[in-house]
Amino acid sequence: MIYFVCDFLGSNIPFLIMLYFFSKYHANAFRWSVALAWTALWYVSFKILITNLSFANTFLFALLFLVLYGKIMLKQNLIHTLVVSIFFLSIFYWSNAANTTIGYGIAKQIGKEYPEILRFLDIFLIFFSIFLLYLFLYSTQGLFQKSLCYLQNKIMLLLICPVLFVAVSEQILVRVVYGDTIVWDTQKGLIYPQVRIMPILCLHILAGAVLGAIIFLFWQMEHSITIEQKNRILEQQTQAQEIYVQEAQHREEQMASFRHDMHNHFLVLHELLQKGKTAEAVSYLADFQGMTDSFSCISYTGNSVIDVLLHSKFSIAQQKGIEIVCELCVPKLVADIDWCILLGNAVDNALCALEKVKTDRRLRIYGRMQGDFFYLQIENTCYDLQMPIKEGIGLSNIRTMVQKYGGTLETDYCADMFRLNILLHLSPQEKRI
């Protein structure tokens, strides 16, 4: 009975824990009913198909069930699912190997004096192994979850070799040192095998440290990628600043030149009208109006900085035959530079998509405050778009700005129109820098 309980607990609880953290690592909701059903299927299949087989076959069978759970139930990337499954199983086999050494040491030291302890030693070791597994997975959850979000598949694959090496080494160590046979004498105690515990225990501790170092290394890689993305955002900010600053300086120079020549223009008009040359005066006024239109800036948003940026982009779009509709009033609760990143990237993405459209080129921007929320929608015509779209640097920068203001971002494609929907939470009491 005790053997059955130990076998049942030792097989199912660790597997259920791995399924639980599988969902947490991928930021998915954990469903107990699905996890329990999958664990039951795993246990029955394991008992029917995998009996007295090698470590390699047992490992591959467990790996198959974990990968299928991640791919079918959680709809996750195959590479990420494979890496996480190997990582989980490596921790599981490491904890089992460490427990074997601990159990051997307990049996050797006190088993002869207190033989009744040996009856419950297996149950204790199972729960201690479960504790080690849960503690390790819980402590690495946050670091690994970020790595899954930012690291590429080819980088994730690098994790397989060192982690798999730890798992295989631990199992080989246990099987070579302890074997499958234990000789116990009620009078003399443990007879075979006779091994020194401390060196082997030190190897287990070193293996656990290696697993921790691997996770720390991947956290460092994720941190480096995050810094790189921030640098890209800073570069986008600099480019956006240069665009509207140069445009503003150019218009300021045009305005200064216009003011300087204003007196001369009035003298010419005065002379023409005084001599009765009305037709020439009208023609001169028409040329004068065209000159002022060339450096005038339409007010799209009520914010002069954003207007300069949009005017520059809309001028290029209109030259390409793109119909522009802008119904936007930006609130002052968002910094100008953040507006430049958000709107600049969104409009650039839309114009880039419209270049592939042959007819009916339309771009519409709508944004209004509703209470403490600002709703922004940018839509453009687009044909044969495959959803979901791949997120590039532009959309990533937009998402960063949206998250900065506690908002949400959604993309939608319907009736040959692609829509970028953004909702920002703007409170008058908050000032974000």
# chains A, B, ... in the order shown; residues from 1 in each chain; ligands from 1
call {"tool": "residues_around", "arguments": {"residues": "Ile17 of chain A", "least_positions_apart": "5", "cutoff": "12 Å", "atoms": "only C-alpha atoms", "output": "CSV table (one decimal) with C-alpha atoms, in the first residue's frame"}}
result
chain,number,residue,atom,x,y,z
A,9,LEU,CA,2.2,10.7,-5.5
A,10,GLY,CA,5.7,10.7,-7.0
A,11,SER,CA,4.4,10.4,-10.5
A,12,ASN,CA,1.4,12.7,-10.5
A,22,PHE,CA,3.8,25.7,-17.7
A,23,SER,CA,0.8,28.0,-17.7
A,24,LYS,CA,2.4,30.6,-15.5
A,30,PHE,CA,-4.4,27.7,-15.4
A,32,TRP,CA,-7.4,22.7,-13.0
A,35,ALA,CA,-4.5,19.8,-16.0
A,36,LEU,CA,-6.0,17.0,-13.9
A,39,THR,CA,-2.2,14.3,-15.6
A,66,LEU,CA,4.6,18.3,-21.8
A,88,PHE,CA,11.1,21.4,-16.1
A,89,LEU,CA,12.2,17.8,-16.5
A,91,ILE,CA,14.8,20.2,-12.5
A,92,PHE,CA,12.6,17.2,-11.7
A,129,SER,CA,11.4,16.3,-4.0
A,130,ILE,CA,8.1,18.0,-4.7
A,131,PHE,CA,9.1,20.9,-2.5
A,132,LEU,CA,12.4,21.4,-4.3
A,133,LEU,CA,10.7,21.2,-7.7
A,134,TYR,CA,8.1,23.8,-6.7
A,135,LEU,CA,10.6,26.1,-5.0
A,136,PHE,CA,12.9,26.1,-8.0
A,137,LEU,CA,10.1,26.7,-10.6
A,138,TYR,CA,8.5,29.4,-8.4
call {"tool": "atom_distance", "arguments": {"atom1": "atom CA of Ile341 of chain A", "atom2": "atom CA of Phe374 of chain A"}}
result
16.3 Å
call {"tool": "closest_residue", "arguments": {"among": "A:Ala98, A:Ile225, A:Leu158, A:Leu60", "to": "Leu203 of chain A", "atoms": "only C-alpha atoms"}}
result
A:Ala98
call {"tool": "residues_around", "arguments": {"residues": "Glu280 of chain A", "least_positions_apart": "5", "cutoff": "12 Å", "atoms": "only C-alpha atoms", "output": "PyMOL selection string"}}
result
chain A and resi 268-275+285-287
call {"tool": "residues_around", "arguments": {"residues": "segment 317-326 of chain A", "least_positions_apart": "5", "cutoff": "6 Å", "atoms": "only C-alpha atoms", "output": "list of chain:residue names"}}
result
A:Arg361, A:Arg362, A:Leu363, A:Arg364, A:Ile365
call {"tool": "write_last_selection", "arguments": {"atoms": "N, CA, C and O atoms", "output": "PDB file, in the first residue's frame"}}
result
ATOM      1  N   ARG A 361      -7.045  54.546 -51.733  1.00  0.00           N
ATOM      2  CA  ARG A 361      -6.089  54.757 -50.639  1.00  0.00           C
ATOM      3  C   ARG A 361      -6.681  55.725 -49.627  1.00  0.00           C
ATOM      4  O   ARG A 361      -6.882  56.904 -49.927  1.00  0.00           O
ATOM      5  N   ARG A 362      -6.923  55.228 -48.419  1.00  0.00           N
ATOM      6  CA  ARG A 362      -7.537  56.075 -47.395  1.00  0.00           C
ATOM      7  C   ARG A 362      -6.826  55.898 -46.062  1.00  0.00           C
ATOM      8  O   ARG A 362      -6.477  54.787 -45.676  1.00  0.00           O
ATOM      9  N   LEU A 363      -6.663  57.019 -45.375  1.00  0.00           N
ATOM     10  CA  LEU A 363      -6.104  57.021 -44.025  1.00  0.00           C
ATOM     11  C   LEU A 363      -6.972  57.915 -43.145  1.00  0.00           C
ATOM     12  O   LEU A 363      -7.204  59.078 -43.475  1.00  0.00           O
ATOM     13  N   ARG A 364      -7.464  57.345 -42.043  1.00  0.00           N
ATOM     14  CA  ARG A 364      -8.332  58.089 -41.137  1.00  0.00           C
ATOM     15  C   ARG A 364      -7.784  57.994 -39.721  1.00  0.00           C
ATOM     16  O   ARG A 364      -7.435  56.912 -39.242  1.00  0.00           O
ATOM     17  N   ILE A 365      -7.720  59.158 -39.071  1.00  0.00           N
ATOM     18  CA  ILE A 365      -7.253  59.224 -37.678  1.00  0.00           C
ATOM     19  C   ILE A 365      -8.348  59.886 -36.846  1.00  0.00           C
ATOM     20  O   ILE A 365      -8.790  60.994 -37.165  1.00  0.00           O
TER      21      ILE A 365
END
call {"tool": "atom_distance", "arguments": {"atom1": "atom CA of Ser396 of chain A", "atom2": "atom CA of Leu409 of chain A"}}
result
10.6 Å
call {"tool": "atom_distance", "arguments": {"atom1": "atom CA of Asp384 of chain A", "atom2": "atom CA of Glu410 of chain A"}}
result
18.9 Å
